[in-house]
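Just model09.csv here, CSV, C-alpha atoms:
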```csv
chain,number,residue,atom,x,y,z
A,2,MET,CA,27.2,-2.6,-3.0
A,3,GLU,CA,25.9,-6.1,-3.1
A,4,ASN,CA,22.5,-6.8,-4.4
A,5,ILE,CA,19.8,-7.1,-1.7
A,6,LYS,CA,18.1,-9.8,-3.7
A,7,ILE,CA,20.7,-12.3,-2.6
A,8,MET,CA,18.8,-12.8,0.6
A,9,GLY,CA,15.7,-14.1,-1.2
A,10,GLU,CA,17.6,-16.2,-3.7
A,11,GLU,CA,16.6,-19.5,-2.2
A,12,TYR,CA,12.9,-18.8,-2.7
A,13,ILE,CA,13.3,-18.3,-6.4
A,14,LYS,CA,12.6,-21.6,-8.1
A,15,ASP,CA,11.8,-22.8,-11.6
A,16,THR,CA,8.3,-22.1,-12.5
A,17,PRO,CA,6.4,-22.9,-15.7
A,18,ASP,CA,6.8,-20.2,-18.3
A,19,PHE,CA,3.3,-18.9,-18.6
A,20,SER,CA,2.2,-15.5,-19.8
A,21,PRO,CA,-1.0,-13.3,-19.8
A,22,GLY,CA,-3.8,-14.9,-21.8
A,23,ASP,CA,-2.9,-18.5,-20.8
A,24,LEU,CA,-5.3,-20.8,-19.2
A,25,ILE,CA,-3.6,-22.3,-16.1
A,26,ARG,CA,-4.3,-24.5,-13.2
A,27,VAL,CA,-2.8,-23.5,-9.8
A,28,ILE,CA,-2.7,-26.1,-7.1
A,29,THR,CA,-2.2,-24.6,-3.6
A,30,LYS,CA,-1.6,-26.2,-0.3
A,31,GLU,CA,-3.6,-25.2,2.7
A,32,LYS,CA,-2.6,-26.3,6.2
A,33,ARG,CA,-5.5,-26.8,8.6
A,34,GLY,CA,-4.2,-28.1,11.9
A,35,ASP,CA,-2.0,-31.0,10.9
A,36,LYS,CA,-3.8,-31.8,7.7
A,37,THR,CA,-2.8,-30.4,4.4
A,38,ARG,CA,-5.4,-29.9,1.8
A,39,LEU,CA,-4.9,-29.1,-1.9
A,40,HIS,CA,-6.9,-26.4,-3.6
A,41,ARG,CA,-7.4,-26.0,-7.3
A,42,PHE,CA,-7.9,-22.8,-9.1
A,43,GLU,CA,-8.3,-22.7,-12.9
A,44,GLY,CA,-8.5,-19.6,-15.0
A,45,ARG,CA,-6.9,-17.1,-17.3
A,46,VAL,CA,-3.7,-15.3,-16.4
A,47,ILE,CA,-4.7,-11.6,-16.7
A,48,GLY,CA,-1.4,-10.1,-15.6
A,49,LYS,CA,2.0,-10.5,-14.0
A,50,ARG,CA,3.9,-7.9,-11.9
A,51,GLY,CA,6.8,-7.4,-9.7
A,52,SER,CA,10.4,-8.8,-9.6
A,53,GLY,CA,12.4,-11.1,-7.5
A,54,THR,CA,10.7,-12.7,-4.5
A,55,GLY,CA,7.8,-10.2,-4.9
A,56,LYS,CA,6.7,-11.4,-8.3
A,57,THR,CA,3.0,-12.1,-8.5
A,58,PHE,CA,0.4,-13.1,-11.1
A,59,MET,CA,-3.3,-12.7,-11.3
A,60,VAL,CA,-5.7,-15.4,-12.4
A,61,ARG,CA,-9.3,-14.7,-13.4
A,62,LYS,CA,-12.2,-17.2,-13.8
A,63,VAL,CA,-15.9,-16.8,-14.0
A,64,THR,CA,-18.0,-19.1,-11.8
A,65,GLN,CA,-21.8,-19.0,-12.1
A,66,GLY,CA,-21.6,-15.6,-13.7
A,67,ILE,CA,-19.4,-14.1,-11.0
A,68,GLY,CA,-15.9,-13.2,-11.9
A,69,ILE,CA,-13.2,-14.3,-9.4
A,70,GLU,CA,-9.7,-13.0,-9.5
A,71,LYS,CA,-6.9,-14.2,-7.4
A,72,VAL,CA,-3.4,-12.9,-7.0
A,73,PHE,CA,-0.7,-15.4,-6.2
A,74,PRO,CA,2.9,-14.7,-5.2
A,75,LEU,CA,4.8,-16.7,-7.9
A,76,TYR,CA,7.4,-18.1,-5.5
A,77,SER,CA,5.1,-18.7,-2.6
A,78,PRO,CA,5.7,-22.0,-0.8
A,79,ILE,CA,1.9,-22.6,-0.6
A,80,ILE,CA,1.9,-23.1,-4.4
A,81,ASP,CA,2.2,-26.8,-5.1
A,82,SER,CA,2.1,-26.7,-8.9
A,83,ILE,CA,1.2,-24.6,-11.8
A,84,LYS,CA,0.1,-26.2,-15.1
A,85,ILE,CA,-0.5,-24.5,-18.4
A,86,LEU,CA,-3.6,-25.9,-20.0
A,87,LYS,CA,-3.8,-23.6,-23.0
A,88,LYS,CA,-1.6,-20.9,-24.4
A,89,GLY,CA,-3.5,-17.8,-25.3
A,90,LYS,CA,-2.8,-15.3,-28.0
A,91,VAL,CA,-3.2,-11.8,-26.7
A,92,ARG,CA,-1.8,-8.4,-27.5
A,93,ARG,CA,-1.5,-6.7,-24.1
A,94,ALA,CA,0.2,-7.5,-20.8
A,95,LYS,CA,-2.7,-6.8,-18.6
A,96,LEU,CA,-6.1,-8.2,-19.6
A,97,TYR,CA,-8.2,-6.0,-17.5
A,98,TYR,CA,-10.7,-5.6,-20.4
A,99,LEU,CA,-11.9,-9.1,-19.7
A,100,ARG,CA,-13.7,-7.7,-16.6
A,101,GLU,CA,-16.2,-5.8,-18.8
A,102,ARG,CA,-16.8,-8.8,-21.0
A,103,GLU,CA,-18.5,-12.1,-20.6
A,104,GLY,CA,-19.4,-15.2,-22.6
A,105,LYS,CA,-18.3,-15.1,-26.2
A,106,ALA,CA,-16.8,-11.7,-26.0
A,107,ALA,CA,-14.4,-12.8,-23.4
A,108,ARG,CA,-12.9,-15.5,-25.6
A,109,ILE,CA,-9.2,-15.6,-26.2
A,110,LYS,CA,-7.6,-17.2,-29.3
A,111,GLU,CA,-5.4,-20.1,-28.7
A,112,LYS,CA,-1.7,-19.9,-29.7
A,113,LYS,CA,-0.5,-22.7,-31.8
B,24,MET,CA,26.3,-6.9,19.0
B,25,LEU,CA,27.0,-6.4,15.3
B,26,ILE,CA,27.9,-3.6,13.0
B,27,GLY,CA,26.5,-3.8,9.5
B,28,ARG,CA,25.6,-1.9,6.4
B,29,LYS,CA,22.1,-1.6,5.2
B,30,LEU,CA,21.8,-3.1,1.8
B,31,GLY,CA,18.1,-2.5,1.2
B,32,MET,CA,14.8,-4.2,1.6
B,33,THR,CA,13.2,-7.2,0.1
B,34,ARG,CA,10.5,-9.7,1.0
B,35,VAL,CA,10.6,-13.3,2.0
B,36,PHE,CA,8.1,-16.1,2.6
B,37,GLU,CA,7.3,-17.9,5.8
B,38,GLU,CA,6.6,-21.6,5.6
B,39,THR,CA,2.9,-20.8,6.0
B,40,GLY,CA,3.0,-18.7,2.8
B,41,GLU,CA,2.9,-15.4,4.6
B,42,VAL,CA,5.1,-12.7,3.1
B,43,VAL,CA,7.4,-10.7,5.4
B,44,SER,CA,9.2,-7.5,4.4
B,45,ILE,CA,12.7,-7.5,5.6
B,46,SER,CA,15.7,-5.1,5.7
B,47,VAL,CA,18.8,-6.8,4.7
B,48,ILE,CA,22.0,-5.9,6.7
B,49,LYS,CA,25.4,-7.1,5.7
B,50,ALA,CA,27.1,-7.7,9.0
B,51,SER,CA,30.4,-9.3,8.4
B,52,PRO,CA,33.2,-9.4,9.0
B,53,VAL,CA,32.9,-8.0,12.5
B,54,PHE,CA,35.9,-8.4,14.8
B,55,VAL,CA,36.6,-7.7,18.4
B,56,LEU,CA,39.5,-5.2,18.3
B,57,ASP,CA,39.7,-4.3,22.0
B,58,LYS,CA,37.9,-4.3,25.3
B,59,ARG,CA,37.2,-1.5,27.7
B,60,THR,CA,37.3,-2.7,31.3
B,61,GLU,CA,35.9,-1.4,34.5
B,62,GLU,CA,39.4,-1.2,36.1
B,63,LYS,CA,41.1,0.5,33.2
B,64,ASP,CA,38.4,2.6,31.6
B,65,GLY,CA,35.6,2.8,34.2
B,66,TYR,CA,33.1,0.8,32.1
B,67,ASN,CA,32.8,-2.5,30.3
B,68,ALA,CA,32.6,-2.5,26.5
B,69,TYR,CA,33.7,-4.3,23.4
B,70,VAL,CA,35.4,-2.4,20.7
B,71,LEU,CA,34.2,-3.8,17.4
B,72,GLY,CA,35.5,-3.3,13.9
B,73,PHE,CA,33.5,-3.8,10.7
B,74,GLY,CA,34.3,-4.1,7.1
B,75,LYS,CA,37.5,-4.5,5.0
B,76,LYS,CA,39.7,-1.7,3.8
B,77,LYS,CA,43.1,-1.6,2.0
B,78,GLU,CA,45.9,-1.2,4.5
B,79,ARG,CA,47.2,2.0,2.8
B,80,ARG,CA,43.7,3.6,3.0
B,81,VAL,CA,43.4,3.1,6.8
B,82,LYS,CA,44.6,5.8,9.2
B,83,LYS,CA,47.5,4.7,11.4
B,84,PRO,CA,45.7,4.7,14.8
B,85,VAL,CA,43.2,2.3,13.3
B,86,LEU,CA,45.9,0.2,11.9
B,87,GLY,CA,47.6,0.0,15.2
B,88,LEU,CA,44.5,-1.3,16.8
B,89,THR,CA,43.8,-3.9,14.2
B,90,LYS,CA,47.4,-5.1,14.2
B,91,LYS,CA,47.3,-5.5,17.9
B,92,ALA,CA,44.1,-7.6,17.6
B,93,GLY,CA,45.6,-9.5,14.7
B,94,VAL,CA,42.9,-8.8,12.2
B,95,ASP,CA,42.6,-7.2,8.8
B,96,PRO,CA,42.2,-3.4,8.6
B,97,VAL,CA,38.6,-2.4,9.3
B,98,GLU,CA,36.4,0.4,8.0
B,99,ILE,CA,34.3,1.3,11.0
B,100,ILE,CA,35.0,1.1,14.7
B,101,ARG,CA,32.2,1.2,17.4
B,102,GLU,CA,32.0,0.5,21.1
B,103,PHE,CA,29.3,-1.7,22.5
B,104,LYS,CA,28.7,-1.5,26.3
B,105,THR,CA,28.1,-4.8,27.9
B,106,GLY,CA,27.9,-6.5,31.3
B,107,ASP,CA,29.7,-9.6,30.3
B,108,LEU,CA,33.1,-9.4,28.7
B,109,SER,CA,33.9,-13.1,28.7
B,110,GLU,CA,31.8,-13.9,25.6
B,111,PHE,CA,34.4,-13.0,23.1
B,112,ASP,CA,38.2,-12.4,23.1
B,113,VAL,CA,40.2,-9.8,21.3
B,114,GLY,CA,40.7,-10.9,17.7
B,115,ASN,CA,37.6,-13.1,17.6
B,116,GLU,CA,35.2,-12.7,14.8
B,117,ILE,CA,31.6,-12.2,15.8
B,118,PRO,CA,29.5,-14.3,13.4
B,119,VAL,CA,25.9,-13.3,12.4
B,120,SER,CA,24.8,-16.6,13.9
B,121,ILE,CA,24.9,-15.0,17.4
B,122,PHE,CA,21.4,-14.1,16.4
B,123,LYS,CA,18.8,-16.6,15.3
B,124,LYS,CA,15.4,-16.5,13.8
B,125,GLY,CA,12.8,-15.1,16.2
B,126,ASP,CA,15.3,-13.1,18.3
B,127,LEU,CA,14.4,-9.5,19.2
B,128,VAL,CA,17.1,-6.9,18.7
B,129,ASP,CA,17.5,-3.1,19.1
B,130,VAL,CA,18.7,-1.4,16.0
B,131,THR,CA,20.5,1.9,15.8
B,132,GLY,CA,21.2,4.0,12.7
B,133,TRP,CA,21.1,7.5,11.4
B,134,SER,CA,17.8,8.5,9.8
B,135,LYS,CA,17.5,10.0,6.4
B,136,GLY,CA,17.9,13.8,6.3
B,137,ARG,CA,14.7,15.6,5.4
B,138,GLY,CA,16.1,19.1,5.2
B,139,PHE,CA,14.2,22.1,6.6
B,140,GLN,CA,10.6,21.0,7.2
B,141,GLY,CA,7.5,22.7,8.5
B,142,VAL,CA,5.6,21.8,11.6
B,143,VAL,CA,3.1,19.5,9.9
B,144,LYS,CA,5.7,17.1,8.6
B,145,ARG,CA,8.2,17.6,11.4
B,146,TRP,CA,5.9,17.5,14.5
B,147,GLY,CA,2.7,16.1,13.1
B,148,PHE,CA,0.7,19.3,13.6
B,149,LYS,CA,-2.7,19.0,12.0
B,150,GLY,CA,-2.7,22.1,9.9
B,151,GLY,CA,-5.8,24.0,8.9
B,152,PRO,CA,-8.6,23.3,6.4
B,153,ALA,CA,-7.4,23.2,2.8
B,154,SER,CA,-10.5,25.1,1.4
B,155,HIS,CA,-13.8,26.7,2.3
B,156,GLY,CA,-12.1,30.1,2.3
B,157,SER,CA,-9.5,29.1,4.9
B,158,ARG,CA,-6.3,31.0,4.8
B,159,PHE,CA,-4.6,28.9,7.4
B,160,HIS,CA,-3.1,25.8,5.9
B,161,ARG,CA,0.2,24.5,7.2
B,162,GLN,CA,1.3,27.2,9.5
B,163,PRO,CA,2.4,26.6,13.1
B,164,GLY,CA,-0.2,29.0,14.6
B,165,SER,CA,0.4,30.7,17.9
B,166,ALA,CA,3.7,30.3,19.6
B,167,GLY,CA,2.3,31.0,23.1
B,168,ALA,CA,0.4,33.4,25.3
B,169,GLY,CA,0.8,37.2,25.6
B,170,THR,CA,2.3,39.4,28.3
B,171,TYR,CA,2.5,36.5,30.7
B,172,PRO,CA,4.8,34.7,30.2
B,173,GLY,CA,6.0,37.2,27.7
B,174,ARG,CA,8.3,34.8,26.0
B,175,VAL,CA,8.1,31.6,24.0
B,176,VAL,CA,8.5,28.5,26.2
B,177,LYS,CA,11.7,26.5,25.7
B,178,GLY,CA,11.3,23.4,23.5
B,179,LYS,CA,8.4,24.9,21.5
B,180,LYS,CA,7.9,22.9,18.3
B,181,PHE,CA,8.9,25.0,15.3
B,182,PRO,CA,10.0,24.3,11.7
B,183,GLY,CA,13.6,23.3,11.2
B,184,ARG,CA,16.0,20.7,10.2
B,185,MET,CA,14.5,17.2,10.3
B,186,GLY,CA,16.1,13.8,10.1
B,187,ASN,CA,19.8,12.9,10.0
B,188,GLU,CA,19.7,12.0,13.7
B,189,ARG,CA,20.6,8.9,15.6
B,190,VAL,CA,17.6,6.7,15.9
B,191,THR,CA,17.2,3.5,17.8
B,192,ILE,CA,14.3,1.2,17.1
B,193,LYS,CA,13.6,-1.4,19.7
B,194,ASN,CA,12.3,-4.9,19.5
B,195,ILE,CA,12.9,-5.7,15.9
B,196,GLU,CA,12.5,-9.3,15.0
B,197,VAL,CA,15.2,-11.3,13.3
B,198,VAL,CA,13.6,-13.1,10.4
B,199,LYS,CA,16.5,-14.6,8.6
B,200,ILE,CA,20.2,-15.2,9.0
B,201,ASP,CA,22.6,-16.1,6.2
B,202,LYS,CA,25.8,-17.4,7.8
B,203,GLU,CA,27.8,-17.8,4.6
B,204,LYS,CA,27.1,-14.4,3.2
B,205,GLY,CA,27.0,-12.7,6.6
B,206,LEU,CA,23.5,-11.3,6.2
B,207,VAL,CA,20.9,-10.5,8.7
B,208,GLY,CA,17.2,-10.0,7.7
B,209,LEU,CA,15.3,-7.8,10.1
B,210,LYS,CA,11.5,-7.5,10.0
B,211,GLY,CA,10.3,-4.2,8.7
B,212,ALA,CA,12.2,-1.0,8.3
B,213,VAL,CA,15.5,0.2,9.8
B,214,PRO,CA,16.7,3.8,10.1
B,215,GLY,CA,18.6,5.4,7.2
B,216,SER,CA,19.2,4.9,3.6
B,217,ARG,CA,20.9,2.0,1.8
B,218,GLY,CA,24.6,1.9,2.6
B,219,ASN,CA,24.2,3.3,6.0
B,220,ILE,CA,26.0,1.9,9.1
B,221,ILE,CA,23.6,0.0,11.3
B,222,LEU,CA,24.3,-1.2,14.9
B,223,ILE,CA,22.4,-4.3,16.1
B,224,ARG,CA,22.2,-5.1,19.8
B,225,ARG,CA,20.4,-7.7,21.7
B,226,LYS,CA,17.0,-6.5,23.0
B,227,GLY,CA,17.4,-4.3,26.0
B,228,ASN,CA,21.2,-4.6,26.1
B,229,ASN,CA,21.9,-0.9,25.9
```

Could I get this structure in the form of structure tokens?
Amino acid sequence: MENIKIMGEEYIKDTPDFSPGDLIRVITKEKRGDKTRLHRFEGRVIGKRGSGTGKTFMVRKVTQGIGIEKVFPLYSPIIDSIKILKKGKVRRAKLYYLREREGKAARIKEKK
Amino acid sequence: MLIGRKLGMTRVFEETGEVVSISVIKASPVFVLDKRTEEKDGYNAYVLGFGKKKERRVKKPVLGLTKKAGVDPVEIIREFKTGDLSEFDVGNEIPVSIFKKGDLVDVTGWSKGRGFQGVVKRWGFKGGPASHGSRFHRQPGSAGAGTYPGRVVKGKKFPGRMGNERVTIKNIEVVKIDKEKGLVGLKGAVPGSRGNIILIRRKGNN
């Protein structure tokens, strides 16, 4: 039987090869009426999940002491661009431990 | 009217970024093999054939039908009642592009067999309390009154075989059409498991 994934093929495009621990900047497009606005979200990738068109990634940042986490569908058409700012060196796939840490304890070593 | 095979489910994006779950149906090739007419058969219908099969694997009556229509041997044959027989001719291929994004369709298939199930799953009975000393959990309870009527009413909901029946779901939205690959993407779920035969009709055209 043919693979069902063939129906979503066209959505799967090249995306930057980032991994958990990386500091990234996600620019999203938001349509309000006839105007399109760009939004920026900068933070650590704390996990990736899913496959095919359903692939998503989670970005965490801390603003004014409040942690904000956003889940983006990787192939969503609202994502304008993804830029890797820093590669992080981590030893697990899901960085949920960052939620219990703040400040210096939440640092991640940079990968050279 | 299309006959197809359910390939499975996946998810696609709308332009606005919304995610829609779709069932993917492979619905080609579909050919018109014959017509049933009011004068000859007492009703109007198309006889459609779906799929490809090796000639030596097809039974002879099917082969006769496909030869007459001038098409390759088909796997599945189904009739679709219709009011208008002029749309297609015998031997025509029905492309998936007869449907377009946003159309509403009725979808028929055979549901997954669930085996012998109790009344809670089969009929949605509420069941009893799980704890607090209750000894009545998932039982059907009383089957009726006593001396009058002195019998169990017909059609009383009891445990039994569930699923594996013909199910039609109405007003399913067509989300995507892939002409080259002959695929139809329908919003949400569709009866049956992967590989099942699915019939797609225009909304209300039953």

query = What is the distance between atom CA of B:Arg28 and atom CA of B:Val207, in Å to one decimal?
reply = 10.1 Å

inquiry  = Please check the contacts: residues of chain A at most 12 Å away from chain B, using only C-alpha atoms, listed as an MDAnalysis selection string.
reply    = chainID A and resid 2:13 29:34 37 51:57 73:81

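One distance worth recording is that between atom CA of B:Val94 and atom CA of B:Asp64, which is 22.9 Å.
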
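For B:Pro163, the set of protein, DNA and RNA residues having any atom at most 9 Å away, when counting all atoms listed in the file and skipping those fewer than 2 positions along the same chain, is B:Gly141, B:Val142, B:Val143, B:Phe148, B:Gly150, B:Arg161, B:Ser165, B:Ala166, B:Lys180, B:Phe181, B:Pro182.
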
Residues within 12 Å of A:Tyr97, please, as an mmCIF file with C-alpha atoms, in the frame of the given file. Count only C-alpha atoms; anything in the same chain fewer than 2 positions from it doesn't count.
```cif
data_model
loop_
_atom_site.group_PDB
_atom_site.id
_atom_site.type_symbol
_atom_site.label_atom_id
_atom_site.label_comp_id
_atom_site.auth_asym_id
_atom_site.auth_seq_id
_atom_site.Cartn_x
_atom_site.Cartn_y
_atom_site.Cartn_z
ATOM 1 C CA PRO A 21 -1.000 -13.300 -19.800
ATOM 2 C CA GLY A 22 -3.800 -14.900 -21.800
ATOM 3 C CA ARG A 45 -6.900 -17.100 -17.300
ATOM 4 C CA VAL A 46 -3.700 -15.300 -16.400
ATOM 5 C CA ILE A 47 -4.700 -11.600 -16.700
ATOM 6 C CA GLY A 48 -1.400 -10.100 -15.600
ATOM 7 C CA LYS A 49 2.000 -10.500 -14.000
ATOM 8 C CA MET A 59 -3.300 -12.700 -11.300
ATOM 9 C CA VAL A 60 -5.700 -15.400 -12.400
ATOM 10 C CA ARG A 61 -9.300 -14.700 -13.400
ATOM 11 C CA GLY A 68 -15.900 -13.200 -11.900
ATOM 12 C CA GLU A 70 -9.700 -13.000 -9.500
ATOM 13 C CA VAL A 91 -3.200 -11.800 -26.700
ATOM 14 C CA ARG A 93 -1.500 -6.700 -24.100
ATOM 15 C CA ALA A 94 0.200 -7.500 -20.800
ATOM 16 C CA LYS A 95 -2.700 -6.800 -18.600
ATOM 17 C CA LEU A 99 -11.900 -9.100 -19.700
ATOM 18 C CA ARG A 100 -13.700 -7.700 -16.600
ATOM 19 C CA GLU A 101 -16.200 -5.800 -18.800
ATOM 20 C CA ARG A 102 -16.800 -8.800 -21.000
ATOM 21 C CA ALA A 107 -14.400 -12.800 -23.400
#
```

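In this structure, atom CA of B:Gly227 sits 19.3 Å away from atom CA of B:Phe111.
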
remark   = Counting all atoms listed in the file, the residue among B:Gly106, B:Gly205, B:Gly215, B:Pro152 that lies closest to B:Pro52 is B:Gly205

query = So which residues are close to (-4.0, -23.4, -16.4), meaning at most 12 Å away in the file's coordinates with only C-alpha atoms counted, and can you show them as a PyMOL selection string?
reply = chain A and resi 17-28+41-47+59-62+82-89

request  = Extract, using all atoms listed in the file, all DNA, RNA and protein residues at most 12 Å from stretch 186-192 of chain B, discarding same-chain residues fewer than 3 positions from it, and format them as a ChimeraX atom specification.
outcome  = /B:127-140,144-146,183,195-196,209-216,219-227,229

query = Taking into account only C-alpha atoms, which residue in the set B:Glu98, B:Asp126, B:Glu62, B:Asp57 is nearest to B:Arg80?
reply = B:Glu98
